[in-house]
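Asks: Dropping in input38.txt, which is compact mmCIF, C-alpha atoms:
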```txt
# COMPACT_ATOMS: atom_id res chain seq x y z
CA MET A 9 82.28 66.78 49.46
CA SER A 10 83.10 64.64 52.46
CA TYR A 11 83.12 65.92 56.02
CA SER A 12 85.72 64.64 58.47
CA ASN A 13 87.63 65.62 61.62
CA PRO A 14 91.24 64.57 61.04
CA LYS A 15 93.72 64.49 63.93
CA ILE A 16 95.40 67.85 64.15
CA PRO A 17 99.09 67.78 65.07
CA GLU A 18 100.08 69.29 68.41
CA GLY A 19 102.10 72.48 68.70
CA ILE A 20 100.30 74.78 66.29
CA ASN A 21 98.77 77.10 68.81
CA VAL A 22 101.26 76.34 71.54
CA THR A 23 105.03 76.44 71.40
CA ASP A 24 107.15 73.66 72.82
CA GLU A 25 109.63 76.18 74.19
CA HIS A 26 110.18 75.89 77.91
CA PRO A 27 108.38 78.76 79.65
CA LEU A 28 111.40 79.45 81.86
CA LYS A 29 113.55 80.14 78.82
CA ASP A 30 111.16 82.79 77.60
CA PHE A 31 110.88 84.20 81.12
CA ALA A 32 114.65 84.38 81.59
CA ALA A 33 115.08 86.13 78.25
CA MET A 34 112.49 88.74 79.14
CA LEU A 35 113.92 89.25 82.60
CA LEU A 36 117.39 89.67 81.18
CA GLY A 37 116.24 92.15 78.56
CA ILE A 38 114.31 94.31 81.00
CA GLY A 39 117.03 93.98 83.63
CA LEU A 40 119.71 95.18 81.23
CA ALA A 41 117.59 98.08 80.05
CA LEU A 42 116.87 99.14 83.63
CA ALA A 43 120.51 98.77 84.61
CA ALA A 44 121.47 101.04 81.73
CA ILE A 45 118.85 103.62 82.74
CA ILE A 46 119.99 103.54 86.37
CA PHE A 47 123.60 103.88 85.31
CA VAL A 48 122.89 106.90 83.12
CA LEU A 49 120.64 108.51 85.73
CA THR A 50 123.25 107.98 88.42
CA LEU A 51 125.83 109.66 86.24
CA LEU A 52 123.53 112.52 85.36
CA ALA A 53 121.94 112.99 88.79
CA GLY A 54 124.64 115.40 89.91
CA TYR A 55 124.06 117.60 86.87
CA LEU A 56 120.30 117.29 86.69
CA VAL A 57 119.80 118.19 90.33
CA ARG A 58 120.85 121.78 89.63
CA TYR A 59 117.65 122.21 87.69
CA VAL A 60 115.51 121.12 90.62
CA PRO A 61 114.79 124.27 92.62
CA PHE A 62 115.59 124.15 96.31
CA SER A 63 112.01 125.21 97.07
CA PHE A 64 110.86 121.88 95.60
CA GLU A 65 113.20 120.09 97.94
CA GLN A 66 111.75 122.05 100.85
CA GLN A 67 108.21 121.18 99.81
CA LEU A 68 109.18 117.55 99.65
CA ALA A 69 110.69 117.74 103.11
CA GLU A 70 107.60 119.51 104.46
CA ARG A 71 105.42 116.59 103.50
CA PHE A 72 107.40 114.47 105.88
CA SER A 73 107.64 117.06 108.60
CA GLU A 74 105.54 114.92 110.96
CA GLN A 75 108.47 112.54 111.00
CA LEU A 76 110.61 115.22 112.61
CA PRO A 77 111.12 114.69 116.30
CA ALA A 78 108.94 117.00 118.34
CA SER A 79 111.11 119.74 119.69
CA GLU A 80 111.41 119.50 123.44
CA ASN A 81 110.44 122.55 125.37
CA SER A 82 112.95 122.35 128.19
CA PRO A 83 114.95 125.58 128.40
CA GLU A 84 118.16 123.60 128.25
CA HIS A 85 117.17 121.98 124.96
CA GLN A 86 116.07 125.29 123.49
CA GLN A 87 119.30 126.94 124.53
CA ARG A 88 121.30 124.31 122.70
CA GLN A 89 119.02 124.36 119.69
CA GLU A 90 119.33 128.13 119.40
CA TYR A 91 123.07 128.03 119.76
CA LEU A 92 123.39 125.39 117.05
CA GLN A 93 121.05 127.26 114.73
CA LYS A 94 123.06 130.48 115.16
CA LEU A 95 126.31 128.68 114.53
CA GLY A 96 124.75 127.02 111.48
CA ASP A 97 123.59 130.35 110.09
CA LYS A 98 127.02 131.89 110.59
CA LEU A 99 128.70 128.99 108.83
CA ALA A 100 126.13 129.08 106.02
CA ARG A 101 127.07 132.71 105.40
CA ALA A 102 130.77 131.87 105.51
CA GLN A 103 130.11 129.08 103.02
CA GLN A 104 128.22 131.49 100.75
CA LEU A 105 125.17 129.30 100.72
CA PRO A 106 122.86 130.58 97.95
CA GLU A 107 120.20 132.91 99.33
CA GLU A 108 117.23 130.70 98.54
CA MET A 109 118.70 127.92 100.65
CA THR A 110 118.05 127.93 104.35
CA ILE A 111 119.24 125.50 106.93
CA THR A 112 117.31 124.28 109.94
CA VAL A 113 119.30 122.70 112.72
CA HIS A 114 117.70 120.10 114.99
CA TYR A 115 119.22 118.99 118.24
CA LEU A 116 118.55 115.37 119.17
CA GLU A 117 118.91 114.06 122.73
CA ASP A 118 120.74 110.91 121.82
CA ASP A 119 124.15 109.60 122.76
CA THR A 120 125.07 108.65 119.22
CA VAL A 121 128.20 110.42 118.03
CA ASN A 122 126.60 111.52 114.81
CA ALA A 123 125.23 114.32 112.67
CA PHE A 124 123.50 114.22 109.34
CA ALA A 125 121.92 116.39 106.69
CA THR A 126 118.74 115.57 104.84
CA LEU A 127 116.23 117.03 102.37
CA GLY A 128 115.11 120.63 102.65
CA GLY A 129 118.16 121.87 104.53
CA HIS A 130 117.47 119.98 107.74
CA ILE A 131 120.56 119.17 109.79
CA PHE A 132 120.49 116.89 112.81
CA ILE A 133 123.10 117.12 115.55
CA PHE A 134 123.15 114.48 118.26
CA LYS A 135 123.85 115.17 121.89
CA GLY A 136 126.55 112.49 121.82
CA LEU A 137 128.45 114.50 119.24
CA LEU A 138 128.11 117.82 121.03
CA ASP A 139 129.33 116.29 124.30
CA ARG A 140 132.52 115.03 122.72
CA MET A 141 133.51 118.27 120.99
CA PRO A 142 136.39 120.11 122.68
CA SER A 143 135.76 123.42 120.92
CA GLU A 144 133.37 125.28 118.70
CA ASN A 145 135.83 124.84 115.85
CA ALA A 146 135.54 121.07 116.00
CA LEU A 147 131.74 121.29 116.02
CA ALA A 148 131.83 123.87 113.23
CA MET A 149 133.76 121.43 111.04
CA VAL A 150 130.98 118.85 111.37
CA MET A 151 128.26 121.41 110.77
CA ALA A 152 130.07 122.99 107.82
CA HIS A 153 130.41 119.48 106.38
CA GLU A 154 126.65 118.92 106.65
CA ILE A 155 125.89 122.38 105.26
CA ALA A 156 128.18 121.58 102.35
CA HIS A 157 126.07 118.49 101.62
CA ILE A 158 123.03 120.72 101.42
CA LYS A 159 124.84 123.28 99.27
CA HIS A 160 125.92 120.50 96.90
CA ARG A 161 122.33 119.14 96.88
CA ASP A 162 123.63 115.73 97.94
CA PRO A 163 120.41 114.65 99.73
CA MET A 164 118.45 115.24 96.52
CA VAL A 165 120.95 113.31 94.40
CA SER A 166 120.95 110.49 96.91
CA LEU A 167 117.15 110.41 97.01
CA GLY A 168 117.01 110.39 93.23
CA ARG A 169 119.35 107.44 93.07
CA GLY A 170 117.46 105.59 95.76
CA LEU A 171 114.17 106.16 93.99
CA THR A 172 115.54 105.00 90.67
CA VAL A 173 116.77 101.79 92.20
CA SER A 174 113.51 101.10 94.02
CA LEU A 175 111.52 102.00 90.93
CA ALA A 176 113.52 99.45 88.99
CA ALA A 177 113.05 96.78 91.64
CA LEU A 178 109.35 97.47 91.97
CA SER A 179 108.68 97.54 88.26
CA LEU A 180 110.26 94.12 87.99
CA LEU A 181 108.29 92.77 90.94
CA GLY A 182 104.98 94.37 90.17
CA ALA A 183 105.43 94.16 86.41
CA GLY A 184 103.39 97.24 85.72
CA ASP A 185 100.98 97.23 88.64
CA GLY A 186 99.17 100.44 89.45
CA SER A 187 100.31 100.41 93.04
CA LEU A 188 103.83 101.32 91.94
CA ALA A 189 103.69 105.01 92.66
CA GLN A 190 102.14 104.44 96.07
CA SER A 191 104.84 102.08 97.19
CA LEU A 192 107.44 104.58 96.07
CA VAL A 193 106.04 107.44 98.08
CA GLY A 194 105.91 105.17 101.09
CA GLN A 195 109.60 104.61 100.81
CA ILE A 196 110.61 108.23 101.12
CA SER A 197 111.56 108.98 104.65
CA LEU A 198 113.10 112.16 105.89
CA LEU A 199 114.79 110.54 108.82
CA THR A 200 116.39 107.75 106.88
CA THR A 201 120.00 108.60 106.61
CA LEU A 202 120.58 109.06 102.94
CA SER A 203 123.77 107.46 101.86
CA PHE A 204 126.22 109.77 100.21
CA SER A 205 128.98 108.58 97.97
CA ARG A 206 132.61 108.81 98.93
CA GLY A 207 133.15 111.56 96.41
CA MET A 208 130.35 113.59 97.96
CA GLU A 209 131.91 113.19 101.40
CA GLU A 210 135.31 114.28 100.18
CA ASP A 211 133.88 117.32 98.43
CA ALA A 212 131.91 118.23 101.54
CA ASP A 213 135.10 117.94 103.64
CA GLN A 214 136.96 120.30 101.32
CA GLU A 215 134.11 122.80 101.31
CA ALA A 216 133.93 122.61 105.10
CA LEU A 217 137.66 123.28 105.44
CA GLN A 218 137.36 126.37 103.26
CA THR A 219 134.42 127.53 105.34
CA LEU A 220 136.38 127.09 108.54
CA ALA A 221 139.36 128.95 107.12
CA ARG A 222 137.08 131.79 106.09
CA HIS A 223 135.21 131.96 109.36
CA TYR A 224 137.93 131.36 111.95
CA GLY A 225 141.03 132.17 109.92
CA HIS A 226 142.42 128.67 110.47
CA THR A 227 141.33 125.01 110.40
CA HIS A 228 142.67 123.91 113.73
CA HIS A 229 140.54 121.16 115.38
CA ALA A 230 139.00 120.28 112.00
CA ASP A 231 140.12 116.70 112.39
CA THR A 232 138.84 116.22 115.94
CA LEU A 233 135.76 114.19 115.07
CA PHE A 234 137.70 111.88 112.80
CA ARG A 235 140.27 111.26 115.50
CA ILE A 236 137.48 110.44 117.95
CA LEU A 237 135.93 108.07 115.45
CA GLN A 238 139.28 106.52 114.71
CA ASP A 239 139.74 105.79 118.40
CA GLU A 240 136.29 104.28 118.56
CA ASN A 241 137.00 102.15 115.51
CA GLN A 242 139.99 100.74 117.25
CA SER A 243 137.84 99.86 120.22
CA GLN A 244 135.56 97.95 117.84
CA ASP A 245 132.69 100.33 118.39
CA VAL A 246 131.96 101.46 114.87
CA PRO A 247 129.06 103.90 114.53
CA ALA A 248 126.96 102.50 111.72
CA PHE A 249 126.55 105.73 109.84
CA PHE A 250 130.23 106.43 109.49
CA SER A 251 131.01 103.04 108.03
CA THR A 252 130.05 104.41 104.61
CA HIS A 253 132.26 107.43 104.99
CA PRO A 254 135.76 107.56 103.56
CA LEU A 255 138.25 106.04 105.93
CA ASN A 256 138.87 108.37 108.81
CA GLU A 257 142.58 108.07 108.31
CA GLU A 258 142.30 109.32 104.76
CA ARG A 259 140.11 112.18 105.82
CA ILE A 260 142.57 113.22 108.52
CA LYS A 261 145.32 113.12 105.91
CA ALA A 262 143.29 115.29 103.54
CA ILE A 263 142.72 117.77 106.35
CA GLN A 264 146.42 117.84 107.23
CA GLN A 265 147.23 118.37 103.58
CA TYR A 266 144.88 121.34 103.50
CA GLN A 267 146.29 122.71 106.75
CA SER A 268 149.87 122.48 105.44
CA GLU A 269 148.93 124.69 102.50
CA GLN A 270 147.62 127.41 104.80
CA SER A 271 149.63 129.74 106.97
CA PRO A 272 147.21 131.09 109.56
CA LYS A 273 148.25 133.91 111.87
CA SER A 274 146.93 132.25 114.98
CA LEU A 275 145.49 128.90 115.95
CA GLU A 276 143.25 130.20 118.68
CA THR A 277 140.13 128.08 119.03
CA VAL A 278 136.75 129.31 120.18
CA PRO A 279 135.52 127.46 123.25
CA LEU A 280 132.03 126.05 123.38
CA PRO A 281 129.56 127.85 125.65
CA ALA A 282 129.90 126.89 129.29
CA TRP A 283 126.72 124.75 129.31
CA ALA A 284 128.04 122.48 126.62
CA LYS A 285 131.02 121.31 128.67
CA PRO A 286 130.63 117.66 129.53
CA GLU A 287 130.62 117.14 133.25
CA MET B 12 113.95 92.06 101.01
CA TYR B 13 111.02 90.07 102.46
CA ASP B 14 108.95 91.19 99.51
CA LEU B 15 111.48 89.64 97.21
CA ILE B 16 111.47 86.35 99.11
CA ILE B 17 107.66 86.18 99.09
CA PHE B 18 107.71 87.02 95.41
CA LEU B 19 110.19 84.26 94.60
CA VAL B 20 108.28 81.71 96.68
CA LEU B 21 105.03 82.59 94.91
CA LEU B 22 106.78 82.43 91.57
CA THR B 23 108.18 78.98 92.33
CA ILE B 24 104.85 77.66 93.60
CA GLY B 25 103.07 79.12 90.59
CA PHE B 26 105.53 77.65 88.16
CA THR B 27 105.73 74.17 89.71
CA PHE B 28 102.02 73.59 90.22
CA GLY B 29 101.02 75.41 87.08
CA ARG B 30 103.37 73.30 85.02
CA ILE B 31 102.24 70.02 86.57
CA ALA B 32 98.58 70.93 86.08
CA GLU B 33 99.16 71.95 82.49
CA LYS B 34 101.04 68.79 81.61
CA ARG B 35 98.36 66.56 83.11
CA HIS B 36 95.61 68.52 81.46
CA PHE B 37 97.15 68.29 78.02
CA GLN B 38 97.63 64.56 78.48
CA SER B 39 94.02 64.09 79.47
CA ILE B 40 92.84 66.29 76.59
CA ILE B 41 94.76 64.25 74.03
CA GLU B 42 93.44 60.95 75.45
CA ARG B 43 89.82 62.08 75.58
CA GLU B 44 89.98 63.63 72.13
CA GLU B 45 90.94 60.21 70.84
CA GLU B 46 87.98 58.60 72.67
CA LEU B 47 85.49 61.09 71.31
CA ARG B 48 86.98 61.21 67.84
CA ASP B 49 83.94 59.50 66.31
CA ILE B 50 81.72 62.47 67.10
CA LEU B 51 82.37 64.89 64.28
CA THR B 52 82.14 68.61 64.96
CA PHE B 53 81.71 71.37 62.39
CA SER B 54 81.15 75.07 62.42
CA GLU B 55 78.95 74.63 59.36
CA ARG B 56 75.40 75.76 60.01
CA LEU B 57 73.65 72.85 58.26
CA PRO B 58 74.10 69.10 58.54
CA PRO B 59 76.42 67.50 55.99
CA PRO B 60 74.65 66.79 52.74
CA GLY B 61 73.01 63.45 52.51
CA PHE B 62 72.26 63.43 56.22
CA SER B 63 68.79 62.04 56.50
CA SER B 64 66.40 62.66 59.33
CA ALA B 65 67.97 63.25 62.72
CA ARG B 66 67.05 64.38 66.18
CA THR B 67 68.64 67.72 67.08
CA GLU B 68 69.76 68.78 70.53
CA LEU B 69 71.60 71.79 71.91
CA VAL B 70 74.82 70.63 73.56
CA SER B 71 77.33 72.78 75.38
CA GLY B 72 80.56 72.58 77.32
CA ASN B 73 81.87 75.14 79.71
CA VAL B 74 85.28 75.49 81.37
CA VAL B 75 87.00 78.03 83.60
CA ILE B 76 90.78 77.91 84.03
CA SER B 77 92.84 80.16 86.24
CA ILE B 78 96.30 81.39 85.37
CA ASP B 79 99.04 80.76 87.89
CA TYR B 80 101.31 83.37 89.47
CA PHE B 81 104.18 82.56 87.18
CA LYS B 82 102.06 83.04 84.07
CA ARG B 83 100.78 86.31 85.44
CA ILE B 84 104.27 87.70 85.94
CA ALA B 85 105.50 86.33 82.62
CA ALA B 86 102.55 87.93 80.86
CA GLY B 87 103.23 91.16 82.75
CA LEU B 88 106.80 91.22 81.46
CA ARG B 89 105.45 90.50 77.97
CA GLY B 90 103.20 93.49 78.48
CA ILE B 91 106.30 95.64 78.73
CA LEU B 92 108.22 94.14 75.84
CA GLY B 93 105.41 93.08 73.53
CA GLY B 94 105.20 89.89 71.49
CA ARG B 95 103.54 86.50 71.71
CA VAL B 96 102.12 85.91 75.17
CA THR B 97 102.97 82.21 75.19
CA ALA B 98 101.93 81.97 78.84
CA TYR B 99 98.33 82.74 77.89
CA GLU B 100 98.37 80.87 74.60
CA THR B 101 98.67 77.49 76.31
CA LEU B 102 95.96 78.50 78.76
CA LEU B 103 93.46 79.36 76.03
CA GLU B 104 94.35 76.31 74.00
CA ARG B 105 93.57 74.10 76.99
CA ALA B 106 90.34 75.91 77.73
CA ARG B 107 89.12 75.71 74.14
CA ARG B 108 89.85 72.04 73.69
CA GLU B 109 88.43 71.17 77.10
CA ALA B 110 85.21 73.05 76.35
CA ILE B 111 84.79 71.21 73.06
CA LEU B 112 85.45 67.90 74.84
CA ARG B 113 82.81 68.59 77.45
CA MET B 114 80.38 69.49 74.72
CA LYS B 115 81.17 66.23 72.97
CA GLU B 116 80.68 64.32 76.21
CA GLU B 117 77.22 65.78 76.46
CA ALA B 118 76.55 64.84 72.86
CA ARG B 119 77.66 61.29 73.67
CA VAL B 120 74.78 61.05 76.16
CA PHE B 121 72.36 61.78 73.31
CA GLU B 122 74.21 59.21 71.19
CA ALA B 123 74.86 61.92 68.65
CA THR B 124 77.23 61.34 65.77
CA HIS B 125 77.69 64.92 64.64
CA ILE B 126 77.66 68.37 66.17
CA VAL B 127 77.11 71.21 63.73
CA ASN B 128 77.05 74.96 64.08
CA VAL B 129 79.71 74.78 66.81
CA LYS B 130 80.53 78.13 68.34
CA LEU B 131 83.05 79.16 70.96
CA GLU B 132 82.83 82.05 73.32
CA THR B 133 85.62 83.33 75.51
CA ALA B 134 85.27 85.55 78.54
CA SER B 135 87.66 86.87 81.13
CA ILE B 136 86.21 86.31 84.58
CA THR B 137 88.33 88.94 86.32
CA LYS B 138 87.91 92.04 84.25
CA GLY B 139 89.96 95.11 84.90
CA GLN B 140 90.84 94.18 88.45
CA HIS B 141 94.39 94.78 89.48
CA ASN B 142 96.40 92.51 91.71
CA GLN B 143 94.15 89.62 90.98
CA THR B 144 94.91 86.42 89.21
CA GLY B 145 92.90 86.25 86.03
CA CYS B 146 90.57 83.44 84.98
CA VAL B 147 89.43 82.60 81.51
CA GLU B 148 86.12 81.03 80.64
CA VAL B 149 85.48 79.24 77.35
CA TYR B 150 82.01 78.14 76.41
CA ALA B 151 81.44 75.83 73.46
CA TYR B 152 77.99 75.06 72.09
CA GLY B 153 76.45 73.51 69.02
CA THR B 154 73.64 71.41 67.63
CA ALA B 155 74.02 67.69 68.17
CA LEU B 156 72.60 65.44 65.48
CA THR B 157 71.38 61.97 66.47
CA PRO B 158 70.33 59.85 63.54
CA ILE B 159 66.89 58.34 63.94
CA LYS B 160 67.08 54.63 63.39
CA GLN B 161 64.82 53.87 60.49
CA GLU B 162 62.44 51.04 61.22
CA PRO B 163 62.84 48.46 58.47
CA GLU B 164 59.84 48.88 56.25
CA LYS B 165 57.32 46.14 56.55
CA SER B 166 56.60 44.53 53.34
```
Can you turn what I pasted into C-alpha cells?

Replies:
Amino acid sequence: MSYSNPKIPEGINVTDEHPLKDFAAMLLGIGLALAAIIFVLTLLAGYLVRYVPFSFEQQLAERFSEQLPASENSPEHQQRQEYLQKLGDKLARAQQLPEEMTITVHYLEDDTVNAFATLGGHIFIFKGLLDRMPSENALAMVMAHEIAHIKHRDPMVSLGRGLTVSLAALSLLGAGDGSLAQSLVGQISLLTTLSFSRGMEEDADQEALQTLARHYGHTHHADTLFRILQDENQSQDVPAFFSTHPLNEERIKAIQQYQSEQSPKSLETVPLPAWAKPE
Amino acid sequence: MYDLIIFLVLLTIGFTFGRIAEKRHFQSIIEREEELRDILTFSERLPPPGFSSARTELVSGNVVISIDYFKRIAAGLRGILGGRVTAYETLLERARREAILRMKEEARVFEATHIVNVKLETASITKGQHNQTGCVEVYAYGTALTPIKQEPEKS
C-alpha cells in the first residue's frame, strides 16, 4: 500500500460555465413565469374582483385615511362639499349602485381641472373642475363617470394589477427577501391616481350617460368636460391625468352616438347653485 | 426606478470584482498547491505504515471568504428554482483549498513531510441574518509528522 497525493484535475467541484450564462437563464425563466402570472391575473382581475366584498375595499381605504386632505371648516367649503355629496348620492341612486356601496365626495381647493375616484368609494372633485362647469348636468356627467368606476370596482382592479406588477419587480430584486411584504404595503397610496384602462373609461362613460338619462331625462351637456379638455389640449396644456384617458374626440363621438339614439322630451339643463358661478 | 439603478450598479460591481478576485485566487491556489505538493496530506488517522519515529504537531489553516452581491442574487434566484448553486460551489472550493494550503504552510515551518488525520470544518459567519452578505469560514486541521533525523549509529 503506497500513500500519495496525485494532482487532481480542475473542474470537478466547480463548473467552467460562465456565471452570467446561468444567471441569465434563471432570470429568463423566472421572468417568463412572472410575466405569465401577471398576464393571467390581469385578465382575471375583472372577474375575481367581484368576489372581494366592498367592505374589504372600505377597510383598505380606511387604513390610509390619514392621507385624505383635512376637510376645511370654512362655511363656503362645507357648502360645496355638502352640495357635491348630495348630488353624488342622487346620482348613485340613479345609477342603482348596490346598497352596500357608499360614496364619499371630497372637495379639493385646487385649480386642476380634474376629478378622480379611488378605493372605498372616495371621489375627489377639484375646484378647477367645478369652476369650469356651466351646469349641474355637466358636473353630473363627471361625477356619474367616477361613481361608475366605483360601481365597476375599477380602483380595486387597478390596485390589484399594480400590486402584481410591483410584487413581480420586487421578488426579482429582493430574490425572496423578507422585507417584500413591507415594501408592498408602503406602495399603496390612496391619493395616487390609479390608472384605469381605456376599456374601463369607456364603460364608465356609457354607465354615466345612462345615469344622466335616467336622472335628468336627457344627456345634454354630457360632453362639456371633454370639449373643455379638447380646447386645452389644443393650447398645449394637457392635464396629466387625462393623458391616459381615451382621446377626448372619441369620447365626444361616443356621447353624440348615445345622444342620437335617444329622443328626450326636453333639453332643459339644471343650473349650478348661485355660489358656484365663477366670477 | 432608482432602486433598480442601485441594484444594477451593485450587481455590476459585485460581478466584476467578485470575478477578478475569484480568478486571481484560483491562480494563486493552483501555484501554491504545486509548491507544497511534497507535503502529503491524508484523512487517515495513523501515519502511513513503515513510518518510523516522527515528531507530531497540530497544524491548522483558517480562511474566511465573503460572497459578492452578484453571487448573493444568483443564489437567491437558485433558491426559487432549485438546482446546483454554482455561485456558492466555487466559493466553498476556494475556501477549502485555501484552508488546506494555509495548514500546509504551517506544516512547512515544522519541516513536516506528512499531515495525517486532516479534518475540515465549515461554518457560515452570518447565520440567519437577512439583507446581509454571507461569509463562509473553512478551518482545516491535522497532525503534522516531522521525521526525526536518525543520528548515524556510532560503531

Asks: Separation of CA of Gly87 in chain B and CA of Leu19 in chain B, in Å?

Replies: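 Between these atoms lies a distance of 15.4 Å.
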
Asks: For range 97-99 of chain A, please output as JSON, numbers by chain all residues within 10 Å (counting all atoms listed in the file; exclusion window: fewer than 4 positions along the same chain).

Replies: {"A": [91, 92, 93, 103, 104, 105, 110, 111, 112, 113, 148, 149, 151, 152, 153, 155, 156, 216, 219, 220, 222, 223]}

Asks: Give the answer as one residue: which of B:Leu69, B:Leu131, B:Leu15, B:Val120 has the shortest atom-to-atom distance to Gly153 in chain B, using only C-alpha atoms?

Replies: B:Leu69

Asks: Quick one: which residues from chain B are at most 7 Å off chain A, using all atoms listed in the file, as a PyMOL selection string?

Replies: chain B and resi 51+59+84-85+87-88+100-101+104

Asks: Restricted to C-alpha atoms, what would the selected residues look like written as a compact mmCIF listing (two decimals), in the frame of the given file?

Replies:
```txt
# COMPACT_ATOMS: atom_id res chain seq x y z
CA LEU B 51 82.37 64.89 64.28
CA PRO B 59 76.42 67.50 55.99
CA ILE B 84 104.27 87.70 85.94
CA ALA B 85 105.50 86.33 82.62
CA GLY B 87 103.23 91.16 82.75
CA LEU B 88 106.80 91.22 81.46
CA GLU B 100 98.37 80.87 74.60
CA THR B 101 98.67 77.49 76.31
CA GLU B 104 94.35 76.31 74.00
```

Asks: So what do you get for CA of Ala69 in chain A versus CA of Asn81 in chain A, distance-wise?

Replies: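 Straight-line distance from CA of Ala69 in chain A to CA of Asn81 in chain A works out to 22.8 Å.
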
Asks: Contacts of Lys160 in chain B at 12 Å or less, counting all atoms listed in the file, minus same-chain residues fewer than 5 places along, as a PyMOL selection string?

Replies: chain B and resi 63-66+122-123

Asks: Can I get all heavy atoms for range 82-88 of chain B, as a PDB file, in the first residue's frame?

Replies:
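Final file, part_17.pdb:
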```pdb
ATOM      1  N   LYS B  82     -23.201  37.014  -6.529  1.00  0.00           N
ATOM      2  CA  LYS B  82     -23.382  35.628  -6.087  1.00  0.00           C
ATOM      3  C   LYS B  82     -24.620  35.508  -5.204  1.00  0.00           C
ATOM      4  O   LYS B  82     -25.361  34.542  -5.286  1.00  0.00           O
ATOM      5  CB  LYS B  82     -22.162  35.177  -5.288  1.00  0.00           C
ATOM      6  CG  LYS B  82     -20.990  34.728  -6.136  1.00  0.00           C
ATOM      7  CD  LYS B  82     -19.970  34.057  -5.243  1.00  0.00           C
ATOM      8  CE  LYS B  82     -18.638  33.884  -5.935  1.00  0.00           C
ATOM      9  NZ  LYS B  82     -18.702  32.992  -7.094  1.00  0.00           N
ATOM     10  N   ARG B  83     -24.808  36.541  -4.379  1.00  0.00           N
ATOM     11  CA  ARG B  83     -25.946  36.508  -3.465  1.00  0.00           C
ATOM     12  C   ARG B  83     -27.259  36.479  -4.239  1.00  0.00           C
ATOM     13  O   ARG B  83     -28.161  35.700  -3.943  1.00  0.00           O
ATOM     14  CB  ARG B  83     -25.888  37.744  -2.565  1.00  0.00           C
ATOM     15  CG  ARG B  83     -26.942  37.740  -1.498  1.00  0.00           C
ATOM     16  CD  ARG B  83     -26.836  38.986  -0.664  1.00  0.00           C
ATOM     17  NE  ARG B  83     -28.182  39.430  -0.339  1.00  0.00           N
ATOM     18  CZ  ARG B  83     -28.488  40.660   0.006  1.00  0.00           C
ATOM     19  NH1 ARG B  83     -27.556  41.584   0.038  1.00  0.00           N
ATOM     20  NH2 ARG B  83     -29.714  40.980   0.291  1.00  0.00           N
ATOM     21  N   ILE B  84     -27.348  37.349  -5.259  1.00  0.00           N
ATOM     22  CA  ILE B  84     -28.577  37.400  -6.044  1.00  0.00           C
ATOM     23  C   ILE B  84     -28.752  36.121  -6.852  1.00  0.00           C
ATOM     24  O   ILE B  84     -29.842  35.555  -6.923  1.00  0.00           O
ATOM     25  CB  ILE B  84     -28.560  38.634  -6.976  1.00  0.00           C
ATOM     26  CG1 ILE B  84     -28.491  39.925  -6.152  1.00  0.00           C
ATOM     27  CG2 ILE B  84     -29.794  38.653  -7.875  1.00  0.00           C
ATOM     28  CD1 ILE B  84     -29.647  40.158  -5.207  1.00  0.00           C
ATOM     29  N   ALA B  85     -27.633  35.654  -7.436  1.00  0.00           N
ATOM     30  CA  ALA B  85     -27.705  34.428  -8.240  1.00  0.00           C
ATOM     31  C   ALA B  85     -28.161  33.259  -7.370  1.00  0.00           C
ATOM     32  O   ALA B  85     -29.000  32.451  -7.786  1.00  0.00           O
ATOM     33  CB  ALA B  85     -26.343  34.138  -8.865  1.00  0.00           C
ATOM     34  N   ALA B  86     -27.623  33.198  -6.147  1.00  0.00           N
ATOM     35  CA  ALA B  86     -28.017  32.121  -5.246  1.00  0.00           C
ATOM     36  C   ALA B  86     -29.481  32.278  -4.826  1.00  0.00           C
ATOM     37  O   ALA B  86     -30.188  31.294  -4.657  1.00  0.00           O
ATOM     38  CB  ALA B  86     -27.117  32.106  -4.017  1.00  0.00           C
ATOM     39  N   GLY B  87     -29.907  33.546  -4.687  1.00  0.00           N
ATOM     40  CA  GLY B  87     -31.302  33.806  -4.341  1.00  0.00           C
ATOM     41  C   GLY B  87     -32.245  33.301  -5.419  1.00  0.00           C
ATOM     42  O   GLY B  87     -33.266  32.682  -5.132  1.00  0.00           O
ATOM     43  N   LEU B  88     -31.872  33.548  -6.680  1.00  0.00           N
ATOM     44  CA  LEU B  88     -32.693  33.054  -7.792  1.00  0.00           C
ATOM     45  C   LEU B  88     -32.697  31.533  -7.794  1.00  0.00           C
ATOM     46  O   LEU B  88     -33.727  30.901  -8.042  1.00  0.00           O
ATOM     47  CB  LEU B  88     -32.152  33.578  -9.126  1.00  0.00           C
ATOM     48  CG  LEU B  88     -32.351  35.068  -9.403  1.00  0.00           C
ATOM     49  CD1 LEU B  88     -31.781  35.424 -10.761  1.00  0.00           C
ATOM     50  CD2 LEU B  88     -33.811  35.440  -9.352  1.00  0.00           C
TER      51      LEU B  88
END
```
